[in-house]
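Visitor: model_10.cif is reproduced in full below (mmCIF, C-alpha atoms).
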data_target
loop_
_atom_site.label_atom_id
_atom_site.label_comp_id
_atom_site.auth_asym_id
_atom_site.auth_seq_id
_atom_site.Cartn_x
_atom_site.Cartn_y
_atom_site.Cartn_z
CA MET N 1 0.00 0.00 0.00
CA PRO N 2 1.38 3.45 -0.84
CA SER N 3 1.98 6.07 1.78
CA PRO N 4 -1.22 7.71 3.02
CA GLN N 5 0.42 11.11 2.54
CA VAL N 6 -0.17 10.67 -1.17
CA PHE N 7 -3.92 11.07 -0.63
CA PHE N 8 -4.06 13.76 1.91
CA PRO N 9 -4.33 16.72 -0.35
CA LEU N 10 -7.95 15.58 0.18
CA PHE N 11 -7.77 16.64 3.79
CA SER N 12 -5.60 19.67 3.44
CA SER N 13 -7.02 22.83 4.93
CA ALA N 14 -7.44 24.36 1.51
CA GLY N 15 -9.39 21.41 0.23
CA ALA N 16 -8.82 18.74 -2.35
CA LEU N 17 -8.92 20.83 -5.42
CA ALA N 18 -7.39 23.84 -3.80
CA GLY N 19 -4.53 21.62 -2.78
CA SER N 20 -3.89 20.50 -6.29
CA MET N 21 -4.40 23.95 -7.72
CA ALA N 22 -2.04 25.43 -5.21
CA ASP N 23 0.65 23.31 -6.74
CA ARG N 24 -0.18 24.83 -10.08
CA GLY N 25 0.63 28.26 -8.72
CA GLU N 26 -2.91 29.41 -7.97
CA GLN N 27 -2.66 30.03 -4.24
CA ASP N 28 -3.96 33.56 -4.66
CA TRP N 29 -7.33 32.52 -6.03
CA LYS N 30 -9.29 33.69 -2.97
CA PRO N 31 -8.35 37.39 -3.17
CA ARG N 32 -8.89 37.24 -6.93
CA ALA N 33 -12.32 35.71 -6.45
CA ASN N 34 -13.23 38.31 -3.82
CA ALA N 35 -12.09 41.12 -6.08
CA ALA N 36 -13.99 39.67 -9.05
CA MET N 37 -17.17 39.41 -6.99
CA ASP N 38 -16.73 42.99 -5.78
CA ARG N 39 -16.40 44.20 -9.36
CA PHE N 40 -19.40 42.13 -10.43
CA ALA N 41 -21.48 43.53 -7.54
CA CYS N 42 -20.61 47.04 -8.74
CA GLY N 43 -21.80 46.27 -12.26
CA ASP N 44 -18.77 44.87 -14.11
CA GLN N 45 -20.36 42.01 -16.09
CA ALA N 46 -17.02 40.75 -17.36
CA ALA N 47 -15.97 39.85 -13.82
CA PHE N 48 -18.58 37.10 -13.72
CA GLY N 49 -16.60 34.91 -16.12
CA GLU N 50 -13.51 35.19 -13.92
CA LEU N 51 -15.60 34.45 -10.85
CA TYR N 52 -16.95 31.36 -12.57
CA ASP N 53 -13.48 30.13 -13.44
CA LEU N 54 -12.30 30.49 -9.85
CA LEU N 55 -15.34 29.15 -8.01
CA ALA N 56 -17.05 26.66 -10.29
CA PRO N 57 -14.63 23.73 -9.84
CA ARG N 58 -14.82 24.04 -6.06
CA LEU N 59 -18.58 24.40 -5.96
CA HIS N 60 -18.99 21.54 -8.41
CA ALA N 61 -16.78 19.27 -6.32
CA PHE N 62 -18.77 20.17 -3.22
CA LEU N 63 -22.08 19.53 -4.96
CA CYS N 64 -20.85 16.26 -6.47
CA ARG N 65 -19.79 15.02 -3.07
CA ARG N 66 -23.17 15.89 -1.60
CA THR N 67 -25.40 14.62 -4.39
CA ARG N 68 -23.36 11.78 -5.92
CA ASP N 69 -25.03 12.79 -9.15
CA ASP N 70 -23.18 14.76 -11.83
CA ALA N 71 -26.30 15.98 -13.64
CA ARG N 72 -27.87 17.17 -10.44
CA ALA N 73 -24.63 18.80 -9.30
CA GLU N 74 -24.44 20.68 -12.62
CA ASP N 75 -28.03 21.84 -12.27
CA LEU N 76 -27.38 23.06 -8.72
CA LEU N 77 -24.16 24.71 -9.84
CA GLN N 78 -26.06 26.67 -12.47
CA GLN N 79 -28.71 27.65 -9.92
CA THR N 80 -26.00 28.73 -7.48
CA PHE N 81 -24.45 31.08 -10.02
CA GLU N 82 -27.87 32.39 -10.99
CA ARG N 83 -28.64 33.17 -7.34
CA MET N 84 -25.23 34.79 -6.91
CA CYS N 85 -25.94 36.93 -9.93
CA ALA N 86 -29.43 37.86 -8.71
CA ALA N 87 -28.19 38.72 -5.22
CA ARG N 88 -24.94 40.41 -6.24
CA ALA N 89 -26.13 43.78 -4.93
CA HIS N 90 -26.19 42.28 -1.43
CA PHE N 91 -22.63 41.03 -1.49
CA THR N 92 -20.77 42.94 1.22
CA ALA N 93 -17.87 44.99 -0.09
CA GLY N 94 -14.54 43.42 0.87
CA ALA N 95 -16.13 40.20 2.15
CA GLU N 96 -15.05 36.65 1.33
CA VAL N 97 -17.02 35.28 -1.60
CA MET N 98 -16.40 31.58 -0.99
CA PRO N 99 -18.43 31.13 2.22
CA TRP N 100 -21.26 33.08 0.59
CA ALA N 101 -21.17 30.93 -2.54
CA PHE N 102 -21.04 27.74 -0.51
CA ALA N 103 -23.89 28.93 1.69
CA ILE N 104 -26.00 29.53 -1.44
CA ALA N 105 -25.10 26.12 -2.87
CA ARG N 106 -25.89 24.46 0.44
CA ARG N 107 -29.24 26.26 0.68
CA LEU N 108 -30.20 25.18 -2.84
CA LEU N 109 -29.12 21.64 -2.04
CA ILE N 110 -31.30 21.56 1.07
CA ASP N 111 -34.24 22.96 -0.89
CA ALA N 112 -33.74 20.36 -3.60
CA VAL N 113 -33.77 17.58 -1.01
CA ARG N 114 -36.89 19.02 0.60
CA ARG N 115 -38.58 19.05 -2.78
CA GLY N 116 -38.18 15.30 -2.87
CA GLY N 117 -34.62 14.68 -3.85
CA ARG N 118 -32.28 12.05 -2.59
CA ASP N 119 -30.46 12.05 0.69
CA CYS N 120 -27.95 14.83 0.40
CA ALA N 121 -26.38 14.00 3.71
CA ALA N 122 -24.63 11.09 2.12
CA VAL N 123 -21.09 11.91 1.17
CA SER N 124 -19.09 10.51 -1.64
CA LEU N 125 -15.63 11.48 -2.70
CA GLY N 126 -16.56 10.54 -6.23
CA ASP N 127 -14.73 8.05 -8.36
CA PRO N 128 -11.42 7.30 -6.65
CA ALA N 129 -9.73 7.09 -10.02
CA GLU N 130 -10.76 10.65 -10.76
CA VAL N 131 -9.53 11.80 -7.38
CA ILE N 132 -6.23 10.18 -8.05
CA ASP N 133 -6.07 12.00 -11.37
CA ASP N 134 -6.21 15.27 -9.49
CA ARG N 135 -3.17 14.52 -7.38
CA PRO N 136 -0.50 17.10 -7.97
CA SER N 137 2.20 14.52 -8.35
CA GLY N 138 3.24 11.15 -7.07
CA ASP N 139 3.73 7.51 -7.79
CA CYS N 140 1.34 6.42 -10.56
CA SER N 141 2.44 2.83 -10.84
CA PRO N 142 -0.40 0.26 -11.06
CA ALA N 143 0.32 -0.92 -7.52
CA ALA N 144 0.17 2.63 -6.21
CA VAL N 145 -3.09 3.33 -8.04
CA LEU N 146 -4.62 0.14 -6.69
CA GLY N 147 -3.51 1.02 -3.18
CA SER N 148 -4.86 4.53 -3.62
CA ARG N 149 -8.24 3.21 -4.62
CA ARG N 150 -8.42 0.94 -1.63
CA LEU N 151 -7.43 3.67 0.78
CA LEU N 152 -9.81 6.17 -0.76
CA ARG N 153 -12.62 3.65 -0.54
CA ARG N 154 -11.82 3.22 3.15
CA ILE N 155 -11.76 6.98 3.66
CA GLU N 156 -15.05 7.30 1.85
CA GLU N 157 -16.62 4.57 3.96
CA ALA N 158 -15.23 6.06 7.14
CA LEU N 159 -16.61 9.50 6.26
CA GLU N 160 -20.03 8.02 5.60
CA GLN N 161 -20.07 6.65 9.12
CA VAL N 162 -19.32 10.01 10.69
CA SER N 163 -22.49 11.71 11.95
CA PRO N 164 -23.99 14.14 9.38
CA ASN N 165 -23.43 17.22 11.55
CA ASN N 166 -19.79 16.40 12.23
CA ARG N 167 -19.19 15.40 8.61
CA GLU N 168 -20.68 18.63 7.28
CA ALA N 169 -18.52 20.75 9.58
CA PHE N 170 -15.47 18.68 8.63
CA GLU N 171 -16.17 19.09 4.92
CA LEU N 172 -16.70 22.84 5.10
CA VAL N 173 -13.70 23.58 7.27
CA ARG N 174 -11.22 20.94 6.13
CA LEU N 175 -12.17 20.16 2.56
CA GLU N 176 -13.49 23.54 1.42
CA GLY N 177 -11.19 25.73 3.51
CA ILE N 178 -13.96 27.85 5.02
CA SER N 179 -13.09 29.48 8.34
CA PRO N 180 -14.77 28.05 11.46
CA ALA N 181 -16.45 31.41 12.06
CA GLU N 182 -18.05 31.43 8.62
CA ALA N 183 -18.90 27.75 8.78
CA ALA N 184 -20.61 28.50 12.09
CA GLN N 185 -22.74 31.12 10.40
CA MET N 186 -23.60 28.80 7.54
CA LEU N 187 -24.58 26.02 9.94
CA GLY N 188 -26.37 28.28 12.41
CA THR N 189 -24.19 27.40 15.36
CA THR N 190 -21.22 28.71 17.34
CA VAL N 191 -17.56 28.66 16.36
CA GLY N 192 -16.79 26.45 19.33
CA ASN N 193 -19.40 23.97 18.21
CA VAL N 194 -17.96 23.87 14.70
CA ARG N 195 -14.47 23.21 16.08
CA LEU N 196 -15.89 20.48 18.28
CA ARG N 197 -17.70 18.87 15.32
CA VAL N 198 -14.53 18.93 13.23
CA PHE N 199 -12.55 17.46 16.11
CA ARG N 200 -15.12 14.69 16.56
CA ALA N 201 -15.14 13.95 12.83
CA VAL N 202 -11.34 13.67 12.80
CA GLU N 203 -11.48 11.51 15.90
CA ALA N 204 -14.03 9.21 14.27
CA LEU N 205 -11.94 9.01 11.09
CA GLN N 206 -8.83 8.20 13.09
CA GLU N 207 -10.67 5.47 14.90
CA ARG N 208 -12.00 3.92 11.71
CA LEU N 209 -8.96 4.31 9.51
CA GLY N 210 -6.48 2.78 11.87
CA PRO N 211 -2.97 3.72 12.87
CA GLU N 212 -1.53 4.12 9.36
CA VAL N 213 -3.30 7.42 8.77
CA GLN N 214 -3.76 8.55 12.36
CA GLU N 215 -0.72 10.76 12.38
CA GLU N 216 -1.90 12.65 9.31
CA LEU N 217 -5.42 13.03 10.67
CA GLY N 218 -4.09 14.11 14.04
CA GLU N 219 -2.66 17.25 12.47
CA LEU N 220 -6.13 18.20 11.33
CA ALA N 221 -7.80 18.07 14.73
CA MET T 1 -12.85 14.96 -8.36
CA SER T 2 -15.51 15.31 -11.03
CA THR T 3 -14.59 17.45 -13.97
CA LEU T 4 -16.84 20.18 -15.32
CA PRO T 5 -18.26 19.59 -18.79
CA PRO T 6 -16.94 22.12 -21.32
CA ASP T 7 -20.32 23.58 -22.30
CA ILE T 8 -21.50 24.39 -18.79
CA LYS T 9 -19.64 27.70 -18.53
CA SER T 10 -21.36 29.21 -21.55
CA ARG T 11 -24.69 27.84 -20.32
CA ILE T 12 -24.22 29.42 -16.89
CA LEU T 13 -23.00 32.73 -18.30
CA LEU T 14 -26.06 32.90 -20.54
CA ALA T 15 -28.38 32.02 -17.66
CA ALA T 16 -26.72 34.64 -15.47
CA GLN T 17 -27.16 37.29 -18.15
CA ALA T 18 -30.85 36.44 -18.32
CA THR T 19 -31.22 36.66 -14.54
CA PRO T 20 -32.61 40.04 -13.47
CA SER T 21 -30.32 41.71 -10.97
CA THR T 22 -29.35 45.12 -9.69
CA THR T 23 -25.96 46.41 -8.74
CA ARG T 24 -24.76 47.35 -5.28
CA PRO T 25 -24.90 51.14 -5.85
CA THR T 26 -28.50 50.93 -7.07
CA SER T 27 -29.53 48.79 -4.13
CA ARG T 28 -27.84 51.14 -1.67
CA ALA T 29 -29.58 54.15 -3.19
CA TYR T 30 -32.93 52.37 -2.89
CA THR T 31 -32.30 51.48 0.78
CA TRP T 32 -31.28 55.06 1.60
CA LEU T 33 -34.47 56.36 -0.04
CA VAL T 34 -36.55 54.22 2.31
CA ALA T 35 -35.43 56.30 5.34
CA PRO T 36 -36.78 59.73 4.29
CA ALA T 37 -39.87 58.11 2.75
CA SER T 38 -40.57 56.35 6.05
CA VAL T 39 -40.13 59.58 8.02
CA ILE T 40 -42.57 61.36 5.70
CA ALA T 41 -45.09 58.51 6.06
CA ALA T 42 -44.76 58.53 9.87
CA ALA T 43 -45.03 62.33 10.02
CA SER T 44 -48.18 62.19 7.90
CA LEU T 45 -49.73 59.74 10.36
CA PHE T 46 -48.60 61.88 13.30
CA PHE T 47 -50.28 64.99 12.00
CA ALA T 48 -53.33 63.12 10.75
CA PHE T 49 -53.95 62.12 14.40
CA ASP T 50 -53.77 65.68 15.81
CA GLY T 51 -50.00 65.78 16.12
CA THR T 52 -48.72 67.66 19.16
CA GLU T 53 -52.26 68.68 20.22
CA HIS T 54 -52.90 65.17 21.43
CA ARG T 55 -50.19 65.14 24.07
CA ILE T 56 -51.24 68.29 25.95
CA GLY T 57 -51.13 67.76 29.70
CA GLN T 58 -48.08 65.54 29.87
CA ALA T 59 -44.75 67.01 30.99
CA SER T 60 -42.41 68.19 28.24
CA TRP T 61 -39.41 66.35 29.71
CA TYR T 62 -41.39 63.13 29.33
CA TYR T 63 -41.62 63.62 25.56
CA VAL T 64 -38.00 64.55 25.30
CA ALA T 65 -36.90 61.55 27.37
CA THR T 66 -39.11 59.03 25.58
CA THR T 67 -38.28 60.40 22.13
CA VAL T 68 -34.55 60.30 22.81
CA GLY T 69 -34.74 56.87 24.46
CA TRP T 70 -36.83 55.28 21.74
CA SER T 71 -34.77 56.93 19.01
CA ALA T 72 -31.56 55.54 20.46
CA VAL T 73 -32.99 52.02 20.63
CA ALA T 74 -34.50 52.36 17.15
CA VAL T 75 -31.22 53.54 15.61
CA LEU T 76 -29.24 50.76 17.29
CA SER T 77 -31.67 48.02 16.32
CA MET T 78 -32.00 49.34 12.76
CA TRP T 79 -28.22 49.44 12.43
CA GLY T 80 -27.95 45.92 13.77
CA ALA T 81 -30.65 44.61 11.47
CA LEU T 82 -29.58 46.44 8.31
CA ALA T 83 -25.79 46.54 8.40
CA ARG T 84 -24.28 43.24 7.38
CA GLY T 85 -20.91 43.49 9.08
CA ARG T 86 -17.80 42.20 7.35
CA SER T 87 -19.23 38.90 6.19
CA ALA T 88 -21.31 38.45 3.06
CA LEU T 89 -23.46 36.12 5.13
CA GLY T 90 -24.67 39.05 7.22
CA ARG T 91 -24.89 39.29 10.97
CA PRO T 92 -24.69 36.07 12.99
CA ARG T 93 -28.05 34.53 13.80
CA ALA T 94 -27.42 34.96 17.55
CA LEU T 95 -26.95 38.73 17.15
CA LEU T 96 -30.09 39.07 15.03
CA LEU T 97 -32.07 37.12 17.62
CA ALA T 98 -30.59 39.27 20.38
CA ILE T 99 -31.78 42.40 18.54
CA THR T 100 -35.20 40.84 18.09
CA VAL T 101 -35.62 40.01 21.76
CA ALA T 102 -33.78 42.97 23.28
CA THR T 103 -35.57 45.72 21.34
CA PRO T 104 -39.03 45.34 22.94
CA ALA T 105 -37.53 44.23 26.27
CA VAL T 106 -35.26 47.28 26.59
CA LEU T 107 -38.01 49.66 25.51
CA PHE T 108 -40.46 48.26 28.04
CA ALA T 109 -37.84 48.35 30.81
CA PHE T 110 -37.02 51.96 29.90
CA MET T 111 -40.66 53.06 30.00
CA PHE T 112 -41.37 51.09 33.16
CA GLY T 113 -38.29 52.54 34.84
CA LEU T 114 -39.36 56.05 33.87
CA ALA T 115 -42.78 55.49 35.44
CA LEU T 116 -41.21 54.05 38.59
CA MET T 117 -38.85 57.00 38.99
CA ARG T 118 -41.50 59.64 38.27
CA PRO T 119 -44.89 58.11 39.14
CA GLU T 120 -46.67 61.42 38.47
CA ILE T 121 -46.43 60.83 34.72
CA THR T 122 -48.85 57.91 35.05
CA LEU T 123 -51.47 60.13 36.70
CA VAL T 124 -51.73 62.78 33.98
CA HIS T 125 -54.03 60.75 31.78
CA PRO T 126 -56.56 58.10 32.73
CA GLU T 127 -55.40 54.63 31.86
CA LYS T 128 -56.28 53.51 28.37
CA LEU T 129 -55.59 50.15 26.85
CA GLY T 130 -53.93 51.54 23.74
CA LYS T 131 -56.35 50.64 20.99
CA VAL T 132 -55.14 53.61 18.95
CA CYS T 133 -51.43 53.37 19.74
CA LEU T 134 -51.25 49.73 18.63
CA PRO T 135 -52.61 50.21 15.09
CA LEU T 136 -50.76 53.52 14.78
CA THR T 137 -47.44 51.79 15.49
CA LEU T 138 -48.30 49.03 13.05
CA ALA T 139 -49.29 51.54 10.37
CA GLY T 140 -46.13 53.60 10.85
CA ALA T 141 -43.93 50.50 10.53
CA ALA T 142 -45.72 48.91 7.59
CA PHE T 143 -44.06 50.95 4.85
CA PRO T 144 -40.44 50.70 6.01
CA LEU T 145 -40.80 47.02 6.83
CA VAL T 146 -42.24 46.10 3.44
CA ALA T 147 -39.76 48.34 1.61
CA LEU T 148 -36.76 46.92 3.46
CA VAL T 149 -37.92 43.34 3.01
CA LEU T 150 -38.29 44.00 -0.72
CA ALA T 151 -34.84 45.58 -0.79
CA ARG T 152 -33.46 42.38 0.74
CA ARG T 153 -35.54 40.09 -1.44
CA GLY T 154 -33.87 36.76 -2.22
CA SER T 155 -30.62 37.79 -0.55
CA ASP T 156 -30.17 35.60 2.54
CA PRO T 157 -29.10 31.98 2.16
CA VAL T 158 -28.47 31.39 5.84
CA HIS T 159 -30.95 32.93 8.29
CA PRO T 160 -33.71 34.87 6.49
CA VAL T 161 -36.22 34.39 9.32
CA ALA T 162 -33.89 35.95 11.90
CA THR T 163 -33.08 38.80 9.47
CA GLY T 164 -36.79 39.45 8.86
CA ALA T 165 -37.58 39.32 12.56
CA ALA T 166 -34.80 41.80 13.38
CA LEU T 167 -36.03 44.14 10.63
CA GLY T 168 -39.56 43.85 12.05
CA ALA T 169 -38.38 44.76 15.56
CA ALA T 170 -36.29 47.66 14.25
CA CYS T 171 -39.16 49.04 12.15
CA GLY T 172 -41.50 48.68 15.14
CA ALA T 173 -39.11 50.62 17.38
CA SER T 174 -38.70 53.31 14.70
CA SER T 175 -42.43 53.69 14.30
CA GLY T 176 -42.71 53.74 18.09
CA VAL T 177 -40.68 56.98 18.18
CA MET T 178 -43.49 58.74 16.33
CA VAL T 179 -46.13 57.19 18.60
CA GLU T 180 -44.19 58.16 21.73
CA MET T 181 -44.11 61.77 20.53
CA TRP T 182 -47.85 61.59 20.20
CA CYS T 183 -49.06 59.52 23.17
CA PRO T 184 -49.30 61.03 26.69
CA VAL T 185 -50.26 57.81 28.53
CA ALA T 186 -47.45 56.29 30.59
CA THR T 187 -49.03 53.42 32.50
CA ALA T 188 -47.40 50.01 32.29
CA ARG T 189 -50.46 48.23 30.89
CA HIS T 190 -50.88 50.84 28.16
CA ILE T 191 -47.21 50.71 27.24
CA ALA T 192 -47.27 46.93 27.13
CA PHE T 193 -50.38 46.68 24.97
CA GLY T 194 -50.22 49.82 22.85
CA HIS T 195 -46.48 50.25 22.34
CA ILE T 196 -44.64 46.98 22.96
CA LEU T 197 -47.15 44.46 21.64
CA PRO T 198 -47.07 45.98 18.12
CA ILE T 199 -43.27 45.60 18.09
CA ILE T 200 -43.70 41.93 18.94
CA LEU T 201 -46.36 41.57 16.23
CA LEU T 202 -44.08 43.30 13.72
CA THR T 203 -41.26 40.95 14.73
CA LEU T 204 -43.47 37.97 13.95
CA LEU T 205 -44.60 39.57 10.69
CA GLY T 206 -40.96 40.26 9.81
CA ALA T 207 -40.09 36.62 10.46
CA VAL T 208 -42.88 35.47 8.14
CA LEU T 209 -41.87 37.97 5.44
CA GLY T 210 -38.26 36.94 5.88
CA ALA T 211 -39.06 33.29 5.32
CA ARG T 212 -41.19 34.16 2.31
CA PHE T 213 -39.20 36.94 0.63
CA ILE T 214 -35.71 37.40 2.09
CA ALA T 215 -34.90 33.71 1.82
CA MET T 216 -32.81 32.71 -1.15
CA ARG T 217 -34.85 30.24 -3.11
CA PRO T 218 -34.51 28.83 -6.61
CA LYS T 219 -36.25 30.79 -9.35
CA THR T 220 -37.52 33.65 -7.19
CA ARG T 221 -37.84 37.13 -8.64
CA GLN T 222 -35.44 39.63 -7.21
CA GLY T 223 -36.17 43.05 -5.77
CA PRO T 224 -34.19 46.21 -6.26
#
In structure tokens, what does this structure look like?
Guide:
Amino acid sequence: MPSPQVFFPLFSSAGALAGSMADRGEQDWKPRANAAMDRFACGDQAAFGELYDLLAPRLHAFLCRRTRDDARAEDLLQQTFERMCAARAHFTAGAEVMPWAFAIARRLLIDAVRRGGRDCAAVSLGDPAEVIDDRPSGDCSPAAVLGSRRLLRRIEEALEQVSPNNREAFELVRLEGISPAEAAQMLGTTVGNVRLRVFRAVEALQERLGPEVQEELGELA
Amino acid sequence: MSTLPPDIKSRILLAAQATPSTTRPTSRAYTWLVAPASVIAAASLFFAFDGTEHRIGQASWYYVATTVGWSAVAVLSMWGALARGRSALGRPRALLLAITVATPAVLFAFMFGLALMRPEITLVHPEKLGKVCLPLTLAGAAFPLVALVLARRGSDPVHPVATGAALGAACGASSGVMVEMWCPVATARHIAFGHILPIILLTLLGAVLGARFIAMRPKTRQGP
């Protein structure tokens, strides 16, 4: 089995995709996204395309994980951008756009489930092969890929066993890179409670994944 | 990680172009227009109900104290309900709920304390239940509440009910300033029924309007 470190861009504080994009020299995407949203809120239509480029992959990944359905995730992604466009006047100048965008996506997801959709609380990391494709670098030998798939399947299964509240906090803070304070606002709870949920999720993952990945997970608690 | 299909960007850009929306400067201008329009509406009500003639008999300091006290609470609660802080998600739910609960509580405590300190103000006018003050407060708050809810239409993905409730309480307190300038009765029962109860009713109305209009829902029409 390959080293677990190979897979833990997934659990990096900036999130799976952010982790891989960071390696492509795109660490400054957050200020760029905030600036683009500011310009769009003030009437610059051209900024919307840039905003899409910076946010869409992250929102899509989030929606895919929550819905396990590409078509539905695409539909919700479109609705999210439509709502962002419609509500652009209410975007606070100088604020972070990502928590706002994720809050909108989450709201639309909840509404979709209430309208009779599938259980959105279920989490999937998607096709492990695709996740592996997003790794910034590493050993791509057949044995490594096979080991990766097994480990990712275990991570996926372990995450599914974490309670929905703890898993949601873990995803927002650890996978999407949203601050605990903003995650608390999105979830309607306190910062302390969010930290506790994340800690409990990490604890549960450590317990289920065994000693080989405990050290890595321990850094996240 | 799922990859985005190549055609989705153009589809979303087209959909966004077709989505009606206003810009931040336009929205701000609209919100700022609500303030003078609300003052004019409240002043019209005030003078339609005899204005300063109605309060004859009550001590002048009482009007000054109540007007200043209610104005301070109204300004604070309106600022708390309207300003969104540094986050695009608006004020935390706990703060909005604190505004919602504290506004009527502080106002009642203030009026009750005033009557306890100077009991003579309760003797100037015979006790009335407040059947005029209650609808007058509701009428004075109706315009700003509806206008502000429309200004915030489809904008809150997180806690629209709390936002609406806080706006309701703030509009009730603002309207209460006009009613306090008009009403000479200072008894606790009158204050509770005629002045505080409408704020509570407006809070509930704000919560309902928040859930219906301020909430961010798919395919809703947007306000200014």
Visitor: Contacts of T:Val179 at 8 Å or less, counting only C-alpha atoms, minus same-chain residues fewer than 2 places along, as a list in words?
Guide: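 Final neighbour list, sorted by chain and number: Phe46, Cys133, Leu136, Thr137, Ser175, Gly176, Val177, Met181, Trp182, Cys183 and His195 of chain T.
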Visitor: Please, which residues of chain T lie no more than 7 Å from chain N when the count uses all atoms listed in the file, and can they be set out as a list in words?
Guide: Met1, Ser2, Leu4, Ile12, Ala15, Ala16, Thr19, Pro20, Ser21, Thr22, Thr23, Arg24, Pro25, Ser27, Arg86, Ser87, Ala88, Leu89, Pro92, Arg93, Gly154, Ser155, Pro157, Val158, Arg217, Pro218 and Gln222 of chain T
Visitor: Please list, as an MDAnalysis selection string, the residues that have an atom at most 12 Å away from (-53.7, 59.2, 31.3) in the coordinates of this file, counting all atoms listed in the file.
Guide: chainID T and resid 54:59 119:130 183:191
Visitor: Quick one: distance from atom CA of N:Arg154 to atom CA of N:Arg174 in Å, one decimal?
Guide: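 If I compute the distance from atom CA of N:Arg154 to atom CA of N:Arg174, I get 18.0 Å.
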Visitor: If you apply the PyMOL selection byres ((chain T and resi 142) around 10) to this file, what residues do you get, as a list in words?
Guide: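 In the shown coordinates, the PyMOL selection byres ((chain T and resi 142) around 10) covers Ser38, Ala41, Ala42, Leu136, Thr137, Leu138, Ala139, Gly140, Ala141, Phe143, Pro144, Leu145, Val146, Ala147, Gly168, Cys171, Gly172, Ser175, Leu202 and Leu205 of chain T.
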Visitor: Just how far from atom CA of N:Val198 is atom CA of N:Ala169, in Å to one decimal?
Guide: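 Answer for the atom CA of N:Ala169 to atom CA of N:Val198 separation: 5.7 Å.
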Visitor: Between atom CA of N:Ser163 and atom CA of N:Ala201, measure the distance and give it in Å to one decimal.
Guide: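 Atom CA of N:Ala201 lies 7.7 Å from atom CA of N:Ser163.
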Visitor: Applied to this file, what does the PyMOL selection byres ((chain N and resi 205) around 10) return in terms of residues, put as a PDB file with C-alpha atoms, keeping the file's coordinate frame?
Guide:
ATOM      1  CA  ARG N 154     -11.820   3.220   3.150  1.00  0.00           C
ATOM      2  CA  ILE N 155     -11.760   6.980   3.660  1.00  0.00           C
ATOM      3  CA  GLU N 156     -15.050   7.300   1.850  1.00  0.00           C
ATOM      4  CA  GLU N 157     -16.620   4.570   3.960  1.00  0.00           C
ATOM      5  CA  ALA N 158     -15.230   6.060   7.140  1.00  0.00           C
ATOM      6  CA  LEU N 159     -16.610   9.500   6.260  1.00  0.00           C
ATOM      7  CA  GLU N 160     -20.030   8.020   5.600  1.00  0.00           C
ATOM      8  CA  GLN N 161     -20.070   6.650   9.120  1.00  0.00           C
ATOM      9  CA  VAL N 162     -19.320  10.010  10.690  1.00  0.00           C
ATOM     10  CA  ARG N 167     -19.190  15.400   8.610  1.00  0.00           C
ATOM     11  CA  PHE N 199     -12.550  17.460  16.110  1.00  0.00           C
ATOM     12  CA  ARG N 200     -15.120  14.690  16.560  1.00  0.00           C
ATOM     13  CA  ALA N 201     -15.140  13.950  12.830  1.00  0.00           C
ATOM     14  CA  VAL N 202     -11.340  13.670  12.800  1.00  0.00           C
ATOM     15  CA  GLU N 203     -11.480  11.510  15.900  1.00  0.00           C
ATOM     16  CA  ALA N 204     -14.030   9.210  14.270  1.00  0.00           C
ATOM     17  CA  GLN N 206      -8.830   8.200  13.090  1.00  0.00           C
ATOM     18  CA  GLU N 207     -10.670   5.470  14.900  1.00  0.00           C
ATOM     19  CA  ARG N 208     -12.000   3.920  11.710  1.00  0.00           C
ATOM     20  CA  LEU N 209      -8.960   4.310   9.510  1.00  0.00           C
ATOM     21  CA  GLY N 210      -6.480   2.780  11.870  1.00  0.00           C
ATOM     22  CA  VAL N 213      -3.300   7.420   8.770  1.00  0.00           C
ATOM     23  CA  GLN N 214      -3.760   8.550  12.360  1.00  0.00           C
ATOM     24  CA  LEU N 217      -5.420  13.030  10.670  1.00  0.00           C
ATOM     25  CA  GLY N 218      -4.090  14.110  14.040  1.00  0.00           C
TER      26      GLY N 218
END
Visitor: Mind listing whatever residues come within 6 Å of the point (-31.4, 49.8, 15.6)? Use all atoms listed in the file, file coordinates, and give them as a ChimeraX atom specification.
Guide: /T:73-80,170
Visitor: Those same residues, written as an mmCIF file, in the coordinates of the input with C-alpha atoms?
Guide:
data_model
loop_
_atom_site.group_PDB
_atom_site.id
_atom_site.type_symbol
_atom_site.label_atom_id
_atom_site.label_comp_id
_atom_site.auth_asym_id
_atom_site.auth_seq_id
_atom_site.Cartn_x
_atom_site.Cartn_y
_atom_site.Cartn_z
ATOM 1 C CA VAL T 73 -32.990 52.020 20.630
ATOM 2 C CA ALA T 74 -34.500 52.360 17.150
ATOM 3 C CA VAL T 75 -31.220 53.540 15.610
ATOM 4 C CA LEU T 76 -29.240 50.760 17.290
ATOM 5 C CA SER T 77 -31.670 48.020 16.320
ATOM 6 C CA MET T 78 -32.000 49.340 12.760
ATOM 7 C CA TRP T 79 -28.220 49.440 12.430
ATOM 8 C CA GLY T 80 -27.950 45.920 13.770
ATOM 9 C CA ALA T 170 -36.290 47.660 14.250
#
Visitor: My list of candidates is N:Glu176, N:Lys30, N:Glu50, N:Ala36. Which is closest to T:Leu13 when distances are computed with only C-alpha atoms?
Guide: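 Ranked by minimum distance to T:Leu13, first place goes to N:Glu50.
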